[in-house]
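As stored in my_file.cif (mmCIF, C-alpha atoms):
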data_query
loop_
_atom_site.label_atom_id
_atom_site.label_comp_id
_atom_site.auth_asym_id
_atom_site.auth_seq_id
_atom_site.Cartn_x
_atom_site.Cartn_y
_atom_site.Cartn_z
CA MET A 1 97.96 55.38 102.87
CA TYR A 2 96.20 57.56 100.26
CA GLU A 3 98.41 56.23 97.51
CA GLU A 4 97.36 52.62 98.00
CA PHE A 5 93.66 53.37 98.57
CA TYR A 6 93.33 55.61 95.49
CA GLY A 7 95.88 53.78 93.36
CA LEU A 8 98.22 56.79 93.16
CA ARG A 9 101.84 56.46 92.04
CA GLU A 10 103.08 59.19 94.41
CA PRO A 11 101.87 61.17 97.43
CA PRO A 12 99.25 63.80 96.60
CA PHE A 13 99.37 67.47 97.59
CA SER A 14 103.13 67.84 97.64
CA LEU A 15 104.48 71.27 98.52
CA THR A 16 107.13 71.12 95.78
CA PRO A 17 106.18 73.09 92.65
CA ASP A 18 106.06 70.19 90.18
CA PRO A 19 105.01 71.48 86.74
CA ARG A 20 103.32 68.15 85.96
CA PHE A 21 100.61 69.28 88.36
CA PHE A 22 100.21 72.79 86.99
CA PHE A 23 96.56 73.70 87.57
CA ARG A 24 95.08 75.17 84.41
CA SER A 25 92.38 77.48 85.72
CA GLU A 26 91.30 80.41 83.56
CA SER A 27 93.63 82.83 85.37
CA HIS A 28 96.52 80.34 85.29
CA ILE A 29 96.16 79.77 81.56
CA ARG A 30 96.06 83.53 80.99
CA ALA A 31 99.16 84.04 83.15
CA TYR A 32 100.92 81.15 81.38
CA GLU A 33 100.19 82.60 77.94
CA LEU A 34 101.17 86.14 78.97
CA LEU A 35 104.42 84.90 80.49
CA ARG A 36 105.22 82.87 77.37
CA TYR A 37 104.45 85.87 75.18
CA GLY A 38 106.62 88.16 77.31
CA LEU A 39 109.49 85.68 77.19
CA HIS A 40 109.04 85.26 73.44
CA ARG A 41 109.39 89.03 73.01
CA GLY A 42 112.69 88.83 74.90
CA GLU A 43 112.51 92.26 76.45
CA GLY A 44 112.52 93.71 79.90
CA PHE A 45 111.41 92.55 83.28
CA ILE A 46 108.28 90.47 83.88
CA VAL A 47 106.74 90.09 87.32
CA VAL A 48 104.17 87.39 88.10
CA TYR A 49 102.05 88.43 91.07
CA GLY A 50 99.81 86.18 93.10
CA ASP A 51 98.88 85.29 96.64
CA ILE A 52 100.59 82.52 98.63
CA GLY A 53 99.94 79.07 97.14
CA THR A 54 98.46 80.25 93.84
CA GLY A 55 101.07 78.43 91.76
CA LYS A 56 103.48 81.20 90.70
CA THR A 57 106.57 79.02 90.95
CA THR A 58 104.81 76.05 89.35
CA LEU A 59 103.70 78.37 86.53
CA CYS A 60 107.28 79.51 85.93
CA ARG A 61 108.55 75.92 85.96
CA ALA A 62 105.83 74.88 83.51
CA VAL A 63 106.87 77.70 81.17
CA LEU A 64 110.56 76.80 81.58
CA GLU A 65 109.86 73.24 80.50
CA ASN A 66 108.48 74.57 77.23
CA LEU A 67 111.08 77.21 76.41
CA PRO A 68 112.77 76.97 73.03
CA HIS A 69 116.33 75.69 73.12
CA THR A 70 117.55 79.15 72.16
CA VAL A 71 116.92 80.32 75.74
CA ILE A 72 119.51 79.55 78.40
CA SER A 73 117.85 78.92 81.74
CA GLN A 74 120.92 77.77 83.68
CA ALA A 75 124.52 78.93 83.55
CA GLU A 76 127.50 79.03 85.84
CA LEU A 77 129.53 82.17 86.42
CA ASP A 78 132.81 82.57 88.24
CA LYS A 79 132.01 82.33 91.97
CA ASN A 80 135.36 83.73 93.03
CA PRO A 81 134.58 85.89 96.11
CA ARG A 82 137.54 88.18 95.29
CA ILE A 83 136.19 89.23 91.91
CA SER A 84 134.93 92.82 91.86
CA LYS A 85 131.36 93.69 90.97
CA ASP A 86 132.55 95.51 87.83
CA ASP A 87 134.59 92.48 86.72
CA LEU A 88 131.66 90.17 87.39
CA ILE A 89 129.33 92.38 85.32
CA ALA A 90 131.93 92.53 82.52
CA HIS A 91 132.22 88.72 82.63
CA LEU A 92 128.41 88.41 82.53
CA ASN A 93 128.21 90.86 79.62
CA THR A 94 130.82 88.88 77.65
CA PHE A 95 128.94 85.65 78.36
CA LEU A 96 125.62 87.18 77.27
CA LEU A 97 127.16 88.58 74.08
CA SER A 98 128.56 85.13 73.31
CA LEU A 99 125.02 83.72 73.53
CA VAL A 100 123.71 86.34 71.11
CA SER A 101 126.48 85.50 68.65
CA VAL A 102 125.17 81.92 68.40
CA GLY A 103 121.46 82.87 68.33
CA ARG A 104 120.69 82.19 71.98
CA ARG A 105 119.58 84.36 74.89
CA ALA A 106 119.45 84.28 78.67
CA LEU A 107 116.60 84.40 81.16
CA LEU A 108 116.98 85.17 84.86
CA ILE A 109 114.12 84.00 87.10
CA ILE A 110 114.11 85.38 90.63
CA ASP A 111 111.70 83.39 92.76
CA GLU A 112 110.35 84.77 96.05
CA ALA A 113 111.69 88.21 95.15
CA GLN A 114 109.61 89.80 97.91
CA ASN A 115 112.18 88.37 100.34
CA ILE A 116 115.13 90.12 98.67
CA PRO A 117 116.19 93.52 100.03
CA VAL A 118 115.21 96.44 97.79
CA ALA A 119 118.86 97.50 97.39
CA THR A 120 119.73 94.02 96.08
CA LEU A 121 116.76 94.04 93.70
CA GLU A 122 117.95 97.39 92.37
CA GLN A 123 121.39 95.92 91.66
CA ILE A 124 119.73 93.04 89.83
CA ARG A 125 117.51 95.47 87.90
CA ILE A 126 120.61 97.31 86.70
CA LEU A 127 121.58 94.11 84.87
CA SER A 128 118.65 94.81 82.56
CA ASN A 129 120.78 97.64 81.14
CA LEU A 130 123.07 95.06 79.48
CA GLU A 131 122.05 95.28 75.84
CA THR A 132 123.09 95.62 72.24
CA HIS A 133 121.63 98.22 69.90
CA GLN A 134 118.97 95.68 68.91
CA GLN A 135 118.11 93.70 72.03
CA LYS A 136 118.33 93.18 75.76
CA LEU A 137 120.98 90.65 76.70
CA LEU A 138 119.24 89.42 79.83
CA GLN A 139 115.53 89.02 80.33
CA MET A 140 114.19 88.72 83.87
CA ALA A 141 111.05 87.17 85.33
CA SER A 142 110.03 87.18 88.95
CA PRO A 143 107.20 85.31 90.64
CA ARG A 144 106.39 87.22 93.82
CA ARG A 145 103.72 87.34 96.45
CA PHE A 146 101.26 90.10 97.08
CA PHE A 147 97.96 90.35 98.86
CA THR A 148 94.97 90.57 96.58
CA THR A 149 91.23 90.80 96.98
CA GLU A 150 90.86 88.12 94.32
CA PRO A 151 91.71 84.76 95.90
CA PHE A 152 93.79 82.47 93.71
CA GLY A 153 94.32 85.22 91.19
CA LEU A 154 97.49 85.60 89.18
CA SER A 155 98.50 88.60 87.13
CA ILE A 156 101.49 89.61 85.05
CA VAL A 157 103.02 93.07 85.35
CA THR A 158 105.32 94.42 82.69
CA ARG A 159 108.29 96.72 83.25
CA THR A 160 106.00 99.73 82.84
CA GLY A 161 104.11 98.54 85.90
CA ARG A 162 100.82 98.01 84.08
CA PRO A 163 98.98 94.72 84.65
CA ASP A 164 98.32 92.82 81.43
#

Hey, can you dump this file as structure tokens for me?
Amino acid sequence: MYEEFYGLREPPFSLTPDPRFFFRSESHIRAYELLRYGLHRGEGFIVVYGDIGTGKTTLCRAVLENLPHTVISQAELDKNPRISKDDLIAHLNTFLLSLVSVGRRALLIIDEAQNIPVATLEQIRILSNLETHQQKLLQMASPRRFFTTEPFGLSIVTRTGRPD
């Protein structure tokens, strides 16, 4: 209906976070640049905070589309349910070291992290301890919801907990 009347190629206002429709408001551009900078630095844990519907996931997808090829954004690990946690971490560490040896690195994005139990988030956070003497082996980013007095605001929080 709308598509034909307005000459659109696809339905407007989709709920899927399509980065082609990333809204570049002042706060979104700032969040985009801060997230890119944090990912470029390759260290620690980055959290993107914003209220429901502010475009956190779309922001992350827009940044992912523009990552250098040295960053791995998807990988498969052994999904054997009988593998122990220690063996899985050792396997992950070996995989991450193999990336470093060829000049690549890994990024873990945890969307909707506010829905993950705190104990699980702590186990994921422990993965940030995988490192060499020079660098972290796994960088993490997490878009998550919070309630703010600034509608449609986005902010980036670094591992130290300070908003940038």

Residues near Leu127 of chain A, cut-off 10 Å, all atoms listed in the file, skip fewer than 4 positions along chain, as a list in words: Ile89, Leu92, Asn93, Glu122, Gln123, Glu131, Lys136, Leu137, Leu138, Gln139 and Met140 of chain A

Contact residues around segment 104-119 of chain A with all atoms listed in the file at 10 Å, ignoring same-chain residues under 5 positions, as a PyMOL selection string: chain A and resi 39+42+45-48+56-57+60-61+64+68-75+95-99+124-125+135-146

Point-to-point distance from atom CA of Leu67 of chain A to atom CA of Thr120 of chain A, Å rounded to tenths: 27.3 Å

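Note that the spacing between atom CA of His40 of chain A and atom CA of Asp86 of chain A amounts to 29.4 Å.
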